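What follows is the content of target_38.cif (mmCIF, C-alpha atoms).
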```cif
data_model
#
loop_
_atom_site.label_atom_id
_atom_site.label_comp_id
_atom_site.auth_asym_id
_atom_site.auth_seq_id
_atom_site.Cartn_x
_atom_site.Cartn_y
_atom_site.Cartn_z
CA MET A 1 262.60 -17.65 114.05
CA ARG A 2 263.30 -15.75 110.82
CA HIS A 3 259.81 -16.61 109.54
CA LEU A 4 258.30 -15.18 112.72
CA LYS A 5 260.08 -11.83 112.15
CA ILE A 6 258.88 -11.72 108.55
CA TYR A 7 255.34 -12.60 109.64
CA LYS A 8 255.37 -9.81 112.29
CA SER A 9 256.69 -7.31 109.75
CA ILE A 10 253.96 -8.18 107.25
CA LEU A 11 251.32 -7.99 109.99
CA LEU A 12 252.61 -4.56 111.04
CA ILE A 13 252.49 -3.26 107.46
CA ILE A 14 248.93 -4.57 106.97
CA SER A 15 247.85 -3.04 110.30
CA LEU A 16 249.30 0.36 109.38
CA PHE A 17 247.59 0.22 106.00
CA LEU A 18 244.22 -0.59 107.58
CA ILE A 19 244.59 2.14 110.21
CA THR A 20 245.48 4.81 107.64
CA SER A 21 242.72 3.63 105.30
CA CYS A 22 240.10 3.91 108.03
CA ALA A 23 241.36 7.35 109.02
CA LYS A 24 241.01 8.64 105.47
CA ASN A 25 237.47 7.28 105.10
CA SER A 26 236.31 9.06 108.26
CA ALA A 27 238.05 12.31 107.32
CA MET A 28 236.25 15.61 107.25
CA LYS A 29 234.68 16.50 103.90
CA PRO A 30 233.79 19.95 102.53
CA GLU A 31 230.14 18.87 102.22
CA ASP A 32 230.05 18.45 106.02
CA PHE A 33 229.82 22.27 106.21
CA ILE A 34 227.06 22.83 103.62
CA ASN A 35 224.65 24.41 106.15
CA LYS A 36 227.21 26.09 108.41
CA GLU A 37 227.21 29.86 108.83
CA PRO A 38 228.65 32.35 108.20
CA LYS A 39 228.98 31.37 104.55
CA LEU A 40 232.49 31.69 103.15
CA ILE A 41 232.62 32.84 99.55
CA ILE A 42 236.37 32.71 99.06
CA GLU A 43 236.51 35.19 96.17
CA GLU A 44 234.62 37.76 98.24
CA TYR A 45 236.56 37.23 101.45
CA LEU A 46 239.98 37.41 99.77
CA THR A 47 239.19 40.41 97.54
CA GLY A 48 240.98 43.51 98.79
CA ASN A 49 243.49 43.58 101.61
CA VAL A 50 243.67 40.80 104.17
CA LYS A 51 246.24 40.48 106.98
CA ALA A 52 247.38 37.10 108.27
CA TRP A 53 249.52 35.66 111.06
CA GLY A 54 250.58 32.07 111.35
CA ILE A 55 252.74 29.32 112.77
CA LEU A 56 254.37 26.32 111.15
CA GLN A 57 254.73 23.19 113.29
CA ASN A 58 256.72 20.04 112.61
CA ARG A 59 255.10 16.61 112.79
CA SER A 60 255.56 16.41 116.56
CA GLY A 61 253.84 19.76 117.09
CA LYS A 62 256.90 21.93 117.79
CA VAL A 63 256.55 25.45 116.38
CA THR A 64 259.42 25.84 113.91
CA ARG A 65 258.56 29.17 112.26
CA GLN A 66 256.16 32.08 112.55
CA PHE A 67 255.06 34.67 110.01
CA SER A 68 252.86 37.60 109.20
CA ALA A 69 251.44 38.07 105.72
CA ASP A 70 249.75 40.62 103.53
CA LEU A 71 247.26 39.36 100.96
CA ASP A 72 245.80 41.43 98.15
CA GLY A 73 243.05 39.90 96.02
CA THR A 74 241.37 41.03 92.81
CA TRP A 75 238.20 39.33 91.54
CA ASP A 76 237.07 39.83 87.92
CA GLY A 77 233.86 37.76 88.10
CA LYS A 78 235.54 34.53 87.00
CA GLN A 79 238.98 34.37 88.59
CA LEU A 80 240.68 35.60 91.73
CA ILE A 81 244.23 36.89 91.51
CA LEU A 82 245.68 36.67 95.02
CA LYS A 83 249.07 38.22 95.77
CA GLU A 84 250.66 37.02 99.02
CA LYS A 85 253.69 38.42 100.84
CA PHE A 86 254.98 36.37 103.79
CA ASN A 87 257.35 37.89 106.36
CA TRP A 88 258.93 34.97 108.26
CA ASP A 89 260.37 35.40 111.74
CA ASP A 90 263.85 34.40 110.49
CA GLY A 91 263.91 37.36 108.07
CA GLU A 92 262.89 35.48 104.91
CA VAL A 93 260.38 37.28 102.70
CA GLN A 94 258.36 35.05 100.39
CA TYR A 95 255.97 35.98 97.58
CA ARG A 96 253.30 33.88 95.90
CA GLU A 97 250.68 34.83 93.33
CA TRP A 98 247.65 32.59 92.98
CA THR A 99 245.25 32.50 90.06
CA ILE A 100 242.08 30.83 91.32
CA LEU A 101 239.41 30.05 88.76
CA LYS A 102 235.81 29.49 89.87
CA ILE A 103 234.56 26.46 87.94
CA ASP A 104 231.08 26.28 89.49
CA GLU A 105 229.32 27.17 92.75
CA ASN A 106 231.42 24.74 94.81
CA TYR A 107 234.54 23.92 92.77
CA TYR A 108 237.69 25.94 92.08
CA GLU A 109 241.07 25.35 90.45
CA GLY A 110 244.20 27.28 91.30
CA THR A 111 247.73 27.75 90.07
CA ALA A 112 250.84 29.47 91.42
CA GLY A 113 254.50 29.46 90.49
CA ASP A 114 255.53 26.99 93.20
CA VAL A 115 252.42 24.78 92.96
CA VAL A 116 252.79 21.52 91.05
CA GLY A 117 249.90 21.12 88.61
CA LYS A 118 246.54 22.53 89.67
CA ALA A 119 245.19 23.08 93.15
CA LYS A 120 241.65 21.80 93.69
CA GLY A 121 239.29 23.86 95.83
CA TYR A 122 235.90 22.98 97.32
CA GLN A 123 233.61 25.48 99.01
CA TYR A 124 230.58 24.62 101.14
CA GLY A 125 228.96 26.74 103.84
CA SER A 126 231.58 28.24 106.15
CA ALA A 127 234.48 26.14 104.83
CA PHE A 128 236.87 26.13 101.89
CA LYS A 129 239.19 23.16 101.26
CA PHE A 130 242.23 23.54 99.02
CA GLU A 131 244.37 20.55 98.00
CA TYR A 132 247.70 21.02 96.25
CA ASP A 133 251.35 20.05 96.00
CA LEU A 134 253.81 22.83 96.79
CA ILE A 135 257.55 23.01 96.18
CA VAL A 136 259.19 24.17 99.43
CA PRO A 137 262.81 24.75 100.44
CA PHE A 138 264.11 22.16 102.90
CA LYS A 139 267.70 21.80 104.13
CA GLY A 140 269.23 23.46 101.09
CA LYS A 141 267.10 21.76 98.46
CA GLU A 142 263.52 21.81 97.24
CA ILE A 143 260.95 19.14 98.00
CA LYS A 144 257.31 18.59 97.05
CA VAL A 145 254.88 18.68 99.97
CA THR A 146 251.14 17.96 99.77
CA PHE A 147 248.86 20.50 101.46
CA ASP A 148 245.40 19.64 102.80
CA ASP A 149 244.32 23.20 103.46
CA TRP A 150 241.09 24.27 105.20
CA ILE A 151 239.79 27.81 105.76
CA PHE A 152 236.87 28.36 108.15
CA LYS A 153 235.06 31.71 108.22
CA GLN A 154 234.30 32.95 111.73
CA ASP A 155 232.60 36.26 110.93
CA ASP A 156 232.84 39.02 108.29
CA GLN A 157 236.42 39.86 109.31
CA VAL A 158 237.98 36.68 110.70
CA ALA A 159 238.84 33.32 109.15
CA ILE A 160 241.03 30.53 110.48
CA ASN A 161 243.18 28.30 108.28
CA ARG A 162 244.46 24.81 109.22
CA ALA A 163 246.66 22.91 106.83
CA THR A 164 248.19 19.48 107.15
CA LEU A 165 251.44 19.01 105.25
CA SER A 166 252.37 15.51 104.12
CA LYS A 167 255.06 13.72 102.15
CA PHE A 168 254.49 10.19 100.77
CA GLY A 169 251.18 10.13 102.69
CA PHE A 170 252.82 10.83 106.06
CA LYS A 171 252.18 14.01 108.04
CA VAL A 172 255.30 16.19 108.18
CA GLY A 173 253.80 19.37 109.62
CA GLU A 174 250.88 21.66 110.25
CA LEU A 175 250.20 25.27 109.42
CA THR A 176 247.78 27.44 111.39
CA VAL A 177 246.82 30.89 110.06
CA PHE A 178 244.58 33.63 111.42
CA PHE A 179 243.13 35.95 108.73
CA PHE A 180 241.75 39.44 109.38
CA LYS A 181 239.91 41.42 106.70
CA SER A 182 239.40 45.07 107.58
#
```

Rendering of file as structure tokens:
Amino acid sequence: MRHLKIYKSILLIISLFLITSCAKNSAMKPEDFINKEPKLIIEEYLTGNVKAWGILQNRSGKVTRQFSADLDGTWDGKQLILKEKFNWDDGEVQYREWTILKIDENYYEGTAGDVVGKAKGYQYGSAFKFEYDLIVPFKGKEIKVTFDDWIFKQDDQVAINRATLSKFGFKVGELTVFFFKS
């Protein structure tokens, strides 16, 4: 009987591994958007003042926080300095300053004070994908969360951002943001 439980446990672990492996292989890629319009050139869209509104959801989809944000970007021809101010619905005000370096037509690297290492950015057509690890406060301490961040340009003024947050490869939340550039 004990061997049967061990066998079932091993089978469950293998099944979960295969399911998650298949899901990652069929995942959306930045290149999927190469011919999509309107073209998003992230350093152009985020230069100047951009307003944003968003929600944070836990892994079951429950909205846990909401925010508005003011973004102010400066582009010098090689790097984007993006200053962000988040006003959370619980009264917290959060600041982040990104330095995003354009490496080539489709590849970017970014840093910020609460980002671990370098963020990797990929831009194709109407989409921009940003991957990074962020230190976030959680229940009185700080934890590292991986962001799989996508921005999709809708028109000259509007872009929509969807980010999946994960820890140890498991989804822990989602972030949805609406950007408006006046």

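This file gives the following result for the PyMOL selection byres ((chain A and resi 30) around 12): Ala27, Met28, Lys29, Glu31, Asp32, Phe33, Ile34, Asn35, Lys36, Leu40, Asn106, Tyr107, Lys120, Gly121, Tyr122, Gln123, Tyr124, Gly125, Ser126, Ala127, Phe128, Lys129, Phe130, Glu131, Asp148, Asp149, Trp150, Ile151 and Phe152 of chain A.
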
Writer output for current selection, C-alpha atoms, as a PDB file, keeping the file's coordinate frame:
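Saved as selection_30.pdb:
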```
ATOM      1  CA  ALA A  27     238.050  12.310 107.320  1.00  0.00           C
ATOM      2  CA  MET A  28     236.250  15.610 107.250  1.00  0.00           C
ATOM      3  CA  LYS A  29     234.680  16.500 103.900  1.00  0.00           C
ATOM      4  CA  GLU A  31     230.140  18.870 102.220  1.00  0.00           C
ATOM      5  CA  ASP A  32     230.050  18.450 106.020  1.00  0.00           C
ATOM      6  CA  PHE A  33     229.820  22.270 106.210  1.00  0.00           C
ATOM      7  CA  ILE A  34     227.060  22.830 103.620  1.00  0.00           C
ATOM      8  CA  ASN A  35     224.650  24.410 106.150  1.00  0.00           C
ATOM      9  CA  LYS A  36     227.210  26.090 108.410  1.00  0.00           C
ATOM     10  CA  LEU A  40     232.490  31.690 103.150  1.00  0.00           C
ATOM     11  CA  ASN A 106     231.420  24.740  94.810  1.00  0.00           C
ATOM     12  CA  TYR A 107     234.540  23.920  92.770  1.00  0.00           C
ATOM     13  CA  LYS A 120     241.650  21.800  93.690  1.00  0.00           C
ATOM     14  CA  GLY A 121     239.290  23.860  95.830  1.00  0.00           C
ATOM     15  CA  TYR A 122     235.900  22.980  97.320  1.00  0.00           C
ATOM     16  CA  GLN A 123     233.610  25.480  99.010  1.00  0.00           C
ATOM     17  CA  TYR A 124     230.580  24.620 101.140  1.00  0.00           C
ATOM     18  CA  GLY A 125     228.960  26.740 103.840  1.00  0.00           C
ATOM     19  CA  SER A 126     231.580  28.240 106.150  1.00  0.00           C
ATOM     20  CA  ALA A 127     234.480  26.140 104.830  1.00  0.00           C
ATOM     21  CA  PHE A 128     236.870  26.130 101.890  1.00  0.00           C
ATOM     22  CA  LYS A 129     239.190  23.160 101.260  1.00  0.00           C
ATOM     23  CA  PHE A 130     242.230  23.540  99.020  1.00  0.00           C
ATOM     24  CA  GLU A 131     244.370  20.550  98.000  1.00  0.00           C
ATOM     25  CA  ASP A 148     245.400  19.640 102.800  1.00  0.00           C
ATOM     26  CA  ASP A 149     244.320  23.200 103.460  1.00  0.00           C
ATOM     27  CA  TRP A 150     241.090  24.270 105.200  1.00  0.00           C
ATOM     28  CA  ILE A 151     239.790  27.810 105.760  1.00  0.00           C
ATOM     29  CA  PHE A 152     236.870  28.360 108.150  1.00  0.00           C
TER      30      PHE A 152
END
```

Please write the residues picked by the PyMOL selection byres ((chain A and resi 52) around 6) on this file as a PDB file with C-alpha atoms, in the frame of the given file.
```pdb
ATOM      1  CA  LYS A  51     246.240  40.480 106.980  1.00  0.00           C
ATOM      2  CA  TRP A  53     249.520  35.660 111.060  1.00  0.00           C
ATOM      3  CA  SER A  68     252.860  37.600 109.200  1.00  0.00           C
ATOM      4  CA  ALA A  69     251.440  38.070 105.720  1.00  0.00           C
ATOM      5  CA  PHE A 178     244.580  33.630 111.420  1.00  0.00           C
ATOM      6  CA  PHE A 179     243.130  35.950 108.730  1.00  0.00           C
TER       7      PHE A 179
END
```

List the spatial neighbours of Leu101 (chain A) as a PyMOL selection string - criterion: any atom at most 9 Å away, only C-alpha atoms, same-chain residues fewer than 2 positions off excluded.
chain A and resi 78-81+99+103+107-111

Run the PyMOL selection byres ((chain A and resi 49) around 12) against the file shown and list the residues it catches, as a VMD selection string.
chain A and resid 44 to 48 50 to 52 69 to 74 82 to 85 157 179 to 182

Lys167 (chain A) surroundings by all atoms listed in the file, 7 Å radius, close-in-sequence under 5 positions cut, as a JSON list (two decimals) with C-alpha atoms, keeping the file's coordinate frame:
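Written output follows (selection_26.json):
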```json
[["chain", "number", "residue", "atom", "x", "y", "z"],
["A", 145, "VAL", "CA", 254.88, 18.68, 99.97],
["A", 146, "THR", "CA", 251.14, 17.96, 99.77],
["A", 172, "VAL", "CA", 255.30, 16.19, 108.18]]
```

Counting only C-alpha atoms, find residues at most 12 Å from (248.6, 15.7, 108.8) (file frame) and give them as a ChimeraX atom specification.
/A:20,23-24,27,57-61,145-150,162-175

Who sits within 10 Å of Val115 (chain A), all atoms listed in the file, same chain under 6 positions skipped, as a list in words:
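Skipping anything fewer than 6 positions along the chain leaves Arg96, Trp98, Tyr132, Asp133, Leu134, Ile135, Val136, Lys144, Val145 and Thr146 of chain A.
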
For a quick check of understanding, using all atoms listed in the file, which of A:Trp75, A:Gln66, A:Ile160, A:Ala112 has the smallest distance to Gly91 (chain A)?
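Closest candidate: A:Gln66.
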
CA of Gln94 (chain A) to CA of Phe67 (chain A): how many Å, to one decimal?
10.2 Å

Calculated over all atoms listed in the file, which of the candidates A:Asp89, A:Ala159, A:Lys39, A:Lys118 has the smallest distance to Val63 (chain A)?
A:Asp89
